[in-house]
file upload.cif (mmCIF, C-alpha atoms)
data_model
loop_
_atom_site.label_atom_id
_atom_site.label_comp_id
_atom_site.auth_asym_id
_atom_site.auth_seq_id
_atom_site.Cartn_x
_atom_site.Cartn_y
_atom_site.Cartn_z
CA MET A 1 91.62 123.86 109.29
CA GLU A 2 91.39 120.52 107.54
CA VAL A 3 94.18 118.59 105.83
CA LYS A 4 94.08 115.34 103.91
CA VAL A 5 96.46 112.57 104.93
CA LYS A 6 97.30 109.72 102.57
CA PHE A 7 98.98 106.58 103.82
CA PHE A 8 100.88 104.17 101.65
CA SER A 9 102.26 100.68 101.92
CA ILE A 10 102.24 99.01 105.35
CA LEU A 11 101.05 102.23 107.01
CA ARG A 12 97.61 101.58 105.51
CA GLU A 13 97.31 98.57 107.78
CA VAL A 14 98.71 100.41 110.80
CA PHE A 15 96.33 103.33 110.42
CA GLY A 16 93.44 101.25 109.08
CA THR A 17 92.80 103.47 106.07
CA GLU A 18 94.25 104.78 102.80
CA GLU A 19 93.40 108.36 103.58
CA LYS A 20 91.66 110.54 106.12
CA GLU A 21 90.76 114.16 106.75
CA VAL A 22 92.23 115.61 109.93
CA GLU A 23 91.08 118.74 111.72
CA LEU A 24 93.99 120.86 112.98
CA LYS A 25 94.39 124.13 114.87
CA SER A 26 95.61 127.03 112.79
CA GLY A 27 99.43 127.21 112.83
CA SER A 28 99.88 123.43 113.22
CA ASN A 29 102.85 121.71 111.69
CA ILE A 30 103.76 118.20 110.52
CA LEU A 31 104.79 117.10 114.01
CA ASP A 32 101.45 118.25 115.42
CA LEU A 33 99.68 116.25 112.71
CA LEU A 34 101.73 113.13 113.46
CA ASN A 35 101.01 113.40 117.17
CA ILE A 36 97.29 113.49 116.43
CA LEU A 37 97.49 110.55 114.00
CA CYS A 38 99.50 108.41 116.40
CA ASP A 39 96.63 107.84 118.78
CA SER A 40 97.66 104.35 119.89
CA PRO A 41 100.91 102.83 121.21
CA HIS A 42 101.24 100.74 118.01
CA ARG A 43 100.83 103.74 115.73
CA HIS A 44 103.17 105.80 117.85
CA GLU A 45 105.79 103.06 117.85
CA THR A 46 105.50 102.65 114.08
CA ILE A 47 106.11 106.31 113.34
CA PHE A 48 108.27 107.47 116.23
CA GLY A 49 109.84 104.40 117.84
CA ASP A 50 111.46 105.59 121.08
CA SER A 51 112.08 109.08 119.80
CA SER A 52 110.10 112.31 119.86
CA GLU A 53 110.78 112.64 116.14
CA PRO A 54 109.60 110.31 113.37
CA LYS A 55 111.87 107.48 112.31
CA THR A 56 114.29 108.67 109.68
CA TYR A 57 113.00 106.29 107.02
CA ILE A 58 109.40 107.43 107.31
CA GLN A 59 109.05 109.74 104.36
CA ILE A 60 106.55 112.59 104.47
CA PHE A 61 105.47 114.76 101.55
CA LYS A 62 103.43 117.95 101.81
CA ASN A 63 101.64 118.73 98.55
CA GLY A 64 104.12 116.59 96.61
CA LYS A 65 107.27 118.00 98.21
CA PRO A 66 109.39 116.02 100.69
CA ILE A 67 109.45 117.84 104.00
CA GLN A 68 113.25 117.69 103.99
CA SER A 69 113.17 120.36 101.27
CA LEU A 70 110.68 122.41 103.31
CA ASN A 71 111.10 122.89 107.03
CA GLY A 72 111.20 119.25 108.17
CA ILE A 73 108.72 118.32 110.86
CA GLN A 74 108.27 122.04 111.66
CA THR A 75 106.73 122.56 108.22
CA LYS A 76 103.52 124.51 108.71
CA LEU A 77 100.27 123.17 107.33
CA GLY A 78 97.40 125.05 105.76
CA GLU A 79 93.77 124.47 104.83
CA GLY A 80 93.44 121.86 102.09
CA ASP A 81 97.03 120.60 102.24
CA THR A 82 97.68 116.95 101.35
CA VAL A 83 100.24 115.06 103.40
CA ALA A 84 101.50 111.69 102.12
CA ILE A 85 103.23 109.38 104.58
CA PHE A 86 105.10 106.22 103.57
CA PRO A 87 108.01 104.15 104.83
CA ALA A 88 111.05 103.35 102.72
CA ILE A 89 110.61 99.69 101.80
CA PHE A 90 113.66 97.72 100.82
CA GLY A 91 112.86 94.10 100.01
CA GLY A 92 114.00 92.68 96.70
CA MET B 1 120.95 93.04 61.83
CA LEU B 2 118.73 90.27 63.17
CA THR B 3 119.34 86.60 62.48
CA LYS B 4 116.55 84.41 61.12
CA ASP B 5 116.11 82.94 64.63
CA GLU B 6 115.80 86.41 66.14
CA ALA B 7 113.37 87.67 63.48
CA ARG B 8 111.10 84.75 64.29
CA ARG B 9 111.72 84.60 68.05
CA TYR B 10 110.76 88.25 68.50
CA LEU B 11 108.11 88.35 65.78
CA ARG B 12 105.24 89.25 68.08
CA GLN B 13 107.06 92.29 69.48
CA ILE B 14 108.76 93.34 66.26
CA SER B 15 105.24 93.98 65.02
CA ILE B 16 105.08 96.75 67.64
CA PHE B 17 108.46 98.44 67.38
CA GLY B 18 110.01 97.05 64.21
CA GLU B 19 113.36 95.42 63.55
CA GLU B 20 114.99 98.73 64.34
CA GLY B 21 113.58 98.59 67.89
CA GLN B 22 114.61 94.98 68.29
CA THR B 23 118.12 95.87 67.14
CA ARG B 24 118.25 98.58 69.82
CA LEU B 25 117.39 95.96 72.43
CA LYS B 26 120.07 93.70 70.99
CA LYS B 27 122.69 96.42 71.36
CA ALA B 28 121.75 97.27 74.96
CA LYS B 29 123.98 96.36 77.91
CA VAL B 30 122.06 96.09 81.17
CA PHE B 31 123.49 95.62 84.64
CA ILE B 32 121.18 93.84 87.10
CA ALA B 33 122.11 94.12 90.76
CA GLY B 34 120.72 91.00 92.44
CA VAL B 35 119.07 87.75 91.33
CA GLY B 36 116.53 87.30 94.09
CA GLY B 37 112.83 88.11 93.95
CA LEU B 38 113.04 91.17 91.74
CA GLY B 39 116.10 90.01 89.85
CA SER B 40 114.53 86.68 88.88
CA VAL B 41 111.67 88.48 87.16
CA ILE B 42 113.70 91.32 85.67
CA SER B 43 116.37 89.04 84.21
CA THR B 44 113.74 86.64 82.83
CA TYR B 45 111.80 89.30 80.96
CA LEU B 46 114.87 91.13 79.68
CA THR B 47 116.26 87.80 78.46
CA VAL B 48 113.14 86.83 76.55
CA ALA B 49 112.84 90.37 75.17
CA GLY B 50 116.28 90.01 73.60
CA ILE B 51 118.46 92.47 75.53
CA GLY B 52 121.87 91.84 74.00
CA LYS B 53 124.03 91.77 77.08
CA LEU B 54 123.10 91.21 80.71
CA ARG B 55 125.58 91.43 83.56
CA MET B 56 124.22 90.05 86.83
CA VAL B 57 125.86 90.38 90.22
CA ASP B 58 124.85 88.47 93.36
CA ASN B 59 126.91 86.69 96.00
CA ASP B 60 124.13 84.69 97.60
CA VAL B 61 123.31 80.99 97.73
CA VAL B 62 119.84 79.53 97.10
CA ALA B 63 118.01 78.67 100.33
CA LEU B 64 114.62 77.00 100.90
CA GLU B 65 113.11 80.21 102.28
CA ASN B 66 113.88 81.98 98.97
CA LEU B 67 111.63 79.73 96.93
CA ASN B 68 108.28 81.44 97.63
CA ARG B 69 109.35 84.35 95.45
CA GLN B 70 112.71 83.87 93.72
CA ILE B 71 111.23 82.07 90.77
CA LEU B 72 114.45 81.43 88.88
CA HIS B 73 115.58 79.17 91.71
CA TRP B 74 113.98 75.79 92.26
CA ASP B 75 114.06 72.99 94.81
CA ASP B 76 117.04 71.29 93.13
CA ASP B 77 119.04 74.51 93.30
CA ILE B 78 119.17 74.75 97.09
CA GLY B 79 122.81 75.23 98.07
CA LYS B 80 123.88 76.46 94.63
CA LYS B 81 125.12 79.98 93.95
CA LYS B 82 122.11 82.03 92.80
CA LEU B 83 123.98 83.23 89.73
CA GLU B 84 124.70 79.66 88.63
CA SER B 85 121.07 78.68 89.15
CA ALA B 86 119.80 81.75 87.27
CA ALA B 87 122.22 81.53 84.37
CA GLU B 88 121.31 77.88 83.73
CA LYS B 89 117.67 78.76 83.14
CA LEU B 90 118.18 82.06 81.35
CA LYS B 91 120.56 80.51 78.82
CA LYS B 92 117.93 77.89 78.00
CA MET B 93 115.25 80.58 77.64
CA ASN B 94 117.29 82.51 75.10
CA PRO B 95 120.77 81.49 73.97
CA ASN B 96 121.06 84.72 71.95
CA VAL B 97 121.56 86.82 75.08
CA GLU B 98 125.13 87.28 76.27
CA LEU B 99 125.04 86.59 80.00
CA GLU B 100 127.80 87.63 82.34
CA VAL B 101 127.56 86.58 85.97
CA ILE B 102 129.78 87.92 88.74
CA PRO B 103 129.47 86.37 92.22
CA GLU B 104 130.48 89.44 94.22
CA THR B 105 129.01 91.77 96.83
CA ILE B 106 128.16 95.27 95.68
CA ASN B 107 129.74 97.95 97.86
CA GLU B 108 131.72 101.20 97.51
CA ALA B 109 134.94 99.30 96.84
CA THR B 110 133.59 96.98 94.15
CA VAL B 111 130.82 98.88 92.38
CA ASP B 112 132.85 100.75 89.76
CA ASN B 113 134.49 97.62 88.40
CA LEU B 114 131.26 95.65 88.60
CA VAL B 115 129.16 98.17 86.67
CA GLY B 116 131.99 98.90 84.26
CA ASP B 117 130.77 100.40 81.02
CA PHE B 118 127.21 99.07 81.21
CA ASP B 119 124.57 101.55 80.07
CA LEU B 120 121.73 100.91 82.48
CA ILE B 121 121.63 99.87 86.14
CA VAL B 122 118.67 97.90 87.47
CA ASP B 123 118.02 97.75 91.20
CA ALA B 124 117.09 94.26 92.37
CA MET B 125 118.75 94.65 95.76
CA ASP B 126 117.40 93.81 99.20
CA ASN B 127 119.01 96.60 101.20
CA PHE B 128 119.39 100.36 101.02
CA PRO B 129 123.16 100.70 101.59
CA ALA B 130 123.78 98.82 98.32
CA ARG B 131 121.04 100.85 96.63
CA TYR B 132 122.71 104.09 97.70
CA VAL B 133 126.03 102.84 96.29
CA LEU B 134 124.34 102.07 92.97
CA ASN B 135 122.55 105.42 93.06
CA LYS B 136 125.88 107.25 93.40
CA THR B 137 127.41 105.20 90.59
CA ALA B 138 124.48 105.96 88.30
CA LEU B 139 124.87 109.68 89.08
CA LYS B 140 128.64 109.59 88.52
CA ARG B 141 128.36 107.64 85.27
CA LYS B 142 125.21 109.52 84.20
CA VAL B 143 123.33 106.31 83.43
CA PRO B 144 119.70 105.56 84.28
CA PHE B 145 118.91 103.71 87.49
CA PHE B 146 115.72 101.64 87.65
CA HIS B 147 114.66 101.40 91.29
CA GLY B 148 112.25 98.85 92.72
CA ALA B 149 111.47 97.55 96.20
CA VAL B 150 108.87 95.32 97.87
CA HIS B 151 107.34 94.55 101.27
CA GLY B 152 104.54 92.05 101.76
CA PHE B 153 101.85 92.92 99.24
CA TYR B 154 103.30 96.40 98.63
CA GLY B 155 105.83 97.61 96.12
CA GLN B 156 107.29 100.71 94.57
CA ALA B 157 109.21 101.65 91.45
CA THR B 158 110.69 104.74 89.87
CA THR B 159 113.18 105.52 87.09
CA ILE B 160 116.06 107.78 88.00
CA ILE B 161 117.67 109.79 85.21
CA PRO B 162 120.77 111.59 86.54
CA GLY B 163 120.58 115.33 86.09
CA LYS B 164 116.89 115.21 85.29
CA THR B 165 114.96 113.49 88.08
CA ALA B 166 115.07 113.05 91.83
CA CYS B 167 117.74 110.51 92.71
CA LEU B 168 117.18 107.74 95.23
CA ARG B 169 118.64 109.84 98.06
CA CYS B 170 116.30 112.73 97.18
CA ILE B 171 113.35 110.38 97.73
CA PHE B 172 114.70 108.39 100.66
CA PRO B 173 117.38 110.37 102.50
CA HIS B 174 117.71 107.69 105.19
CA ALA B 175 117.88 103.91 105.07
CA PRO B 176 115.37 101.77 106.93
CA ALA B 177 116.29 99.10 109.48
CA VAL B 178 117.52 95.85 108.00
CA THR B 179 115.30 93.11 109.45
CA PRO B 180 114.21 90.83 106.56
CA PRO B 181 110.81 92.02 105.38
CA PRO B 182 107.88 89.75 104.59
CA VAL B 183 107.40 89.26 100.84
CA VAL B 184 104.67 87.49 98.92
CA GLY B 185 106.08 86.18 95.63
CA VAL B 186 103.54 87.98 93.45
CA THR B 187 104.79 91.36 94.64
CA PRO B 188 108.29 91.16 93.12
CA GLY B 189 106.49 89.57 90.19
CA ILE B 190 104.60 92.81 89.58
CA ILE B 191 107.34 95.27 90.51
CA GLY B 192 110.03 93.33 88.64
CA CYS B 193 107.85 93.38 85.52
CA ILE B 194 107.37 97.12 85.89
CA GLN B 195 111.13 97.64 86.15
CA ALA B 196 111.76 95.41 83.11
CA THR B 197 109.09 97.36 81.20
CA GLU B 198 110.86 100.61 82.09
CA VAL B 199 114.18 99.24 80.82
CA ILE B 200 112.67 98.06 77.55
CA ARG B 201 110.86 101.36 76.97
CA TYR B 202 113.97 103.36 77.85
CA VAL B 203 116.03 101.43 75.32
CA LEU B 204 113.33 101.79 72.69
CA GLY B 205 112.78 105.46 73.51
CA ILE B 206 108.99 105.10 73.73
CA GLY B 207 106.25 106.03 76.17
CA ASP B 208 106.47 108.05 79.38
CA LEU B 209 108.92 106.64 81.86
CA LEU B 210 108.49 106.75 85.62
CA GLU B 211 110.59 109.91 85.74
CA ASN B 212 109.85 111.86 88.91
CA ARG B 213 106.99 109.46 89.53
CA LEU B 214 107.01 107.01 92.42
CA LEU B 215 104.68 104.21 91.47
CA MET B 216 103.14 102.61 94.56
CA TRP B 217 101.50 99.20 94.28
CA ASP B 218 99.03 98.13 96.94
CA GLY B 219 98.52 94.45 96.22
CA LEU B 220 96.21 94.01 99.21
CA ASN B 221 93.65 96.24 97.54
CA ALA B 222 94.75 95.92 93.90
CA LYS B 223 95.54 99.62 93.56
CA MET B 224 98.29 101.35 91.63
CA GLU B 225 98.94 104.94 92.67
CA GLU B 226 101.60 107.55 92.08
CA LEU B 227 103.41 110.18 94.06
CA PRO B 228 105.08 113.04 92.18
CA LEU B 229 108.75 113.46 92.98
CA GLU B 230 111.22 116.30 92.64
CA LYS B 231 114.92 116.76 93.14
CA ASN B 232 115.98 117.84 96.60
CA PRO B 233 118.16 120.92 96.06
CA GLU B 234 120.17 119.90 99.14
CA CYS B 235 120.50 116.21 98.36
CA GLU B 236 123.84 114.90 99.60
CA ASP B 237 124.20 112.66 96.54
CA CYS B 238 123.06 114.72 93.58
CA SER B 239 122.80 118.41 94.44
CA HIS B 240 126.49 119.13 93.77
CA ARG B 241 126.55 117.35 90.40
#
call {"tool": "encode", "arguments": {"input": "upload.cif", "output": "structure tokens"}}
result
Amino acid sequence: MEVKVKFFSILREVFGTEEKEVELKSGSNILDLLNILCDSPHRHETIFGDSSEPKTYIQIFKNGKPIQSLNGIQTKLGEGDTVAIFPAIFGG
Amino acid sequence: MLTKDEARRYLRQISIFGEEGQTRLKKAKVFIAGVGGLGSVISTYLTVAGIGKLRMVDNDVVALENLNRQILHWDDDIGKKKLESAAEKLKKMNPNVELEVIPETINEATVDNLVGDFDLIVDAMDNFPARYVLNKTALKRKVPFFHGAVHGFYGQATTIIPGKTACLRCIFPHAPAVTPPPVVGVTPGIIGCIQATEVIRYVLGIGDLLENRLLMWDGLNAKMEELPLEKNPECEDCSHR
């Protein structure tokens, strides 16, 4: 199945694009998607740091809903889903 | 009622929303949290628009490294309290605006007294803990909270209406790390103007606000995009209200 990923803010520079289509196995979830996207040490460090879970301030939406109100990083993905990923920015 | 000075000063905008609209702006009481990059722009545009009363809170001192973006503070102001530096200029821009400045730090212990009975809270902070404190106060007081934030060439803004929209904690349940981010001055220029526009339109009751809309500015590629937002039914800050 194919999902669309949209990056915002500084993640556009980290991932080198505003959006991309990603091919996933049926039954994949958000964590599976992130592991595929983070295909370099820099990308992995940006999203995960030292943990096996994404940094808490990296916000992820599936089809407009924050994954916290779904099933977190275990949220299942389906054909045609759109996943938006952006960090909380805080400068003022 | 507008004075002769006001009728002439605001002539070019009165032609859009009438003296009645201008009077609404004159009666508004807006709390601005911070007078740095965002706060410089927000306070400037709300002052020249004729907001009646502005209360500004910031406990910082002007430093050389602020001057690439905090446009209310100039070379001669280095070492001064930011509020003193800001108030000096704002008063000269528009003596009709009642300016209140409070050199304090915003936290759980101080926020209620600082916000007081002001009707709108504008986020010009540089950290999430203070933003969460303001978010909770806005929810408790049921007043709108105009969020903005910047990083490099990127920025974001949304307008939080307690009881109606996602609150800040719904959108960002966890605070990011606190290392000072890079900021190009034009970015708070754009985001601060967007926040000031939201305040003005809210007071006037016109247009569609950024309610449940997270506006994302990509200044590197000159793109403005939006993400739809919704309340988190399990939000620790707003779900029980």
call {"tool": "resolve_selection", "arguments": {"input": "upload.cif", "expression": "the PyMOL selection byres ((chain A) within 10 of (chain B))", "output": "mmCIF file with C-alpha atoms, in the frame of the given file"}}
result
data_model
loop_
_atom_site.group_PDB
_atom_site.id
_atom_site.type_symbol
_atom_site.label_atom_id
_atom_site.label_comp_id
_atom_site.auth_asym_id
_atom_site.auth_seq_id
_atom_site.Cartn_x
_atom_site.Cartn_y
_atom_site.Cartn_z
ATOM 1 C CA PHE A 8 100.880 104.170 101.650
ATOM 2 C CA SER A 9 102.260 100.680 101.920
ATOM 3 C CA ILE A 10 102.240 99.010 105.350
ATOM 4 C CA ARG A 12 97.610 101.580 105.510
ATOM 5 C CA GLU A 13 97.310 98.570 107.780
ATOM 6 C CA LYS A 55 111.870 107.480 112.310
ATOM 7 C CA THR A 56 114.290 108.670 109.680
ATOM 8 C CA TYR A 57 113.000 106.290 107.020
ATOM 9 C CA ILE A 58 109.400 107.430 107.310
ATOM 10 C CA GLN A 59 109.050 109.740 104.360
ATOM 11 C CA ILE A 60 106.550 112.590 104.470
ATOM 12 C CA PHE A 61 105.470 114.760 101.550
ATOM 13 C CA ASN A 63 101.640 118.730 98.550
ATOM 14 C CA GLY A 64 104.120 116.590 96.610
ATOM 15 C CA LYS A 65 107.270 118.000 98.210
ATOM 16 C CA PRO A 66 109.390 116.020 100.690
ATOM 17 C CA ILE A 67 109.450 117.840 104.000
ATOM 18 C CA GLN A 68 113.250 117.690 103.990
ATOM 19 C CA SER A 69 113.170 120.360 101.270
ATOM 20 C CA LEU A 70 110.680 122.410 103.310
ATOM 21 C CA ALA A 84 101.500 111.690 102.120
ATOM 22 C CA PHE A 86 105.100 106.220 103.570
ATOM 23 C CA PRO A 87 108.010 104.150 104.830
ATOM 24 C CA ALA A 88 111.050 103.350 102.720
ATOM 25 C CA ILE A 89 110.610 99.690 101.800
ATOM 26 C CA PHE A 90 113.660 97.720 100.820
ATOM 27 C CA GLY A 91 112.860 94.100 100.010
ATOM 28 C CA GLY A 92 114.000 92.680 96.700
#
call {"tool": "closest_residue", "arguments": {"input": "upload.cif", "among": "B:Glu211, B:Arg8, B:Leu90, B:Phe146", "to": "Ile194 of chain B", "atoms": "only C-alpha atoms"}}
result
B:Phe146
call {"tool": "resolve_selection", "arguments": {"input": "upload.cif", "expression": "the PyMOL selection byres ((chain B and resi 83) around 10)", "output": "list in words"}}
result
Gly34, Val35, Gly36, Met56, Val57, Asp58, Asn59, Asp60, Val61, Val62, Leu72, His73, Lys80, Lys81, Lys82, Glu84, Ser85, Ala86, Ala87, Glu88, Glu100, Val101, Ile102 and Pro103 of chain B
call {"tool": "resolve_selection", "arguments": {"input": "upload.cif", "expression": "the PyMOL selection byres ((chain B and resi 132-143) around 10)", "output": "VMD selection string"}}
result
chain B and resid 33 106 to 112 115 to 123 125 127 to 131 144 to 147 160 to 163 167 to 169 172 to 175 237 to 238 241
call {"tool": "residues_around", "arguments": {"input": "upload.cif", "residues": "Thr3 of chain B", "least_positions_apart": "6", "cutoff": "12 Å", "atoms": "only C-alpha atoms", "output": "ChimeraX atom specification"}}
result
/B:9-11,19,22-23,26,96
call {"tool": "residues_near_point", "arguments": {"input": "upload.cif", "point": "(89.9, 113.2, 112.4)", "cutoff": "10 Å", "atoms": "only C-alpha atoms", "output": "PyMOL selection string"}}
result
chain A and resi 2-5+20-24+36-37
call {"tool": "axis_aligned_box", "arguments": {"input": "upload.cif", "around": "segment 13-29 of chain B", "padding_each_side": "4 Å", "output": "AutoDock Vina command-line options"}}
result
--center_x 114.5 --center_y 95.5 --center_z 70.7 --size_x 26.9 --size_y 14.4 --size_z 22.4
call {"tool": "atom_distance", "arguments": {"input": "upload.cif", "atom1": "atom CA of Glu198 of chain B", "atom2": "atom CA of Ser239 of chain B"}}
result
24.7 Å
call {"tool": "atom_distance", "arguments": {"input": "upload.cif", "atom1": "atom CA of Thr165 of chain B", "atom2": "atom CA of Asn212 of chain B"}}
result
5.4 Å
call {"tool": "residues_around", "arguments": {"input": "upload.cif", "residues": "segment 42-54 of chain A", "least_positions_apart": "5", "cutoff": "8 Å", "atoms": "all atoms listed in the file", "output": "MDAnalysis selection string"}}
result
chainID A and resid 14:15 31 35 37
call {"tool": "write_last_selection", "arguments": {"input": "upload.cif", "atoms": "C-alpha atoms", "output": "compact mmCIF listing (two decimals), keeping the file's coordinate frame"}}
result
# COMPACT_ATOMS: atom_id res chain seq x y z
CA VAL A 14 98.71 100.41 110.80
CA PHE A 15 96.33 103.33 110.42
CA LEU A 31 104.79 117.10 114.01
CA ASN A 35 101.01 113.40 117.17
CA LEU A 37 97.49 110.55 114.00
call {"tool": "atom_distance", "arguments": {"input": "upload.cif", "atom1": "atom CA of Ile32 of chain B", "atom2": "atom CA of Ala222 of chain B"}}
result
27.4 Å
call {"tool": "closest_residue", "arguments": {"input": "upload.cif", "among": "B:Arg12, B:Lys223, B:His240, B:Lys89", "to": "Ala49 of chain B", "atoms": "only C-alpha atoms"}}
result
B:Arg12
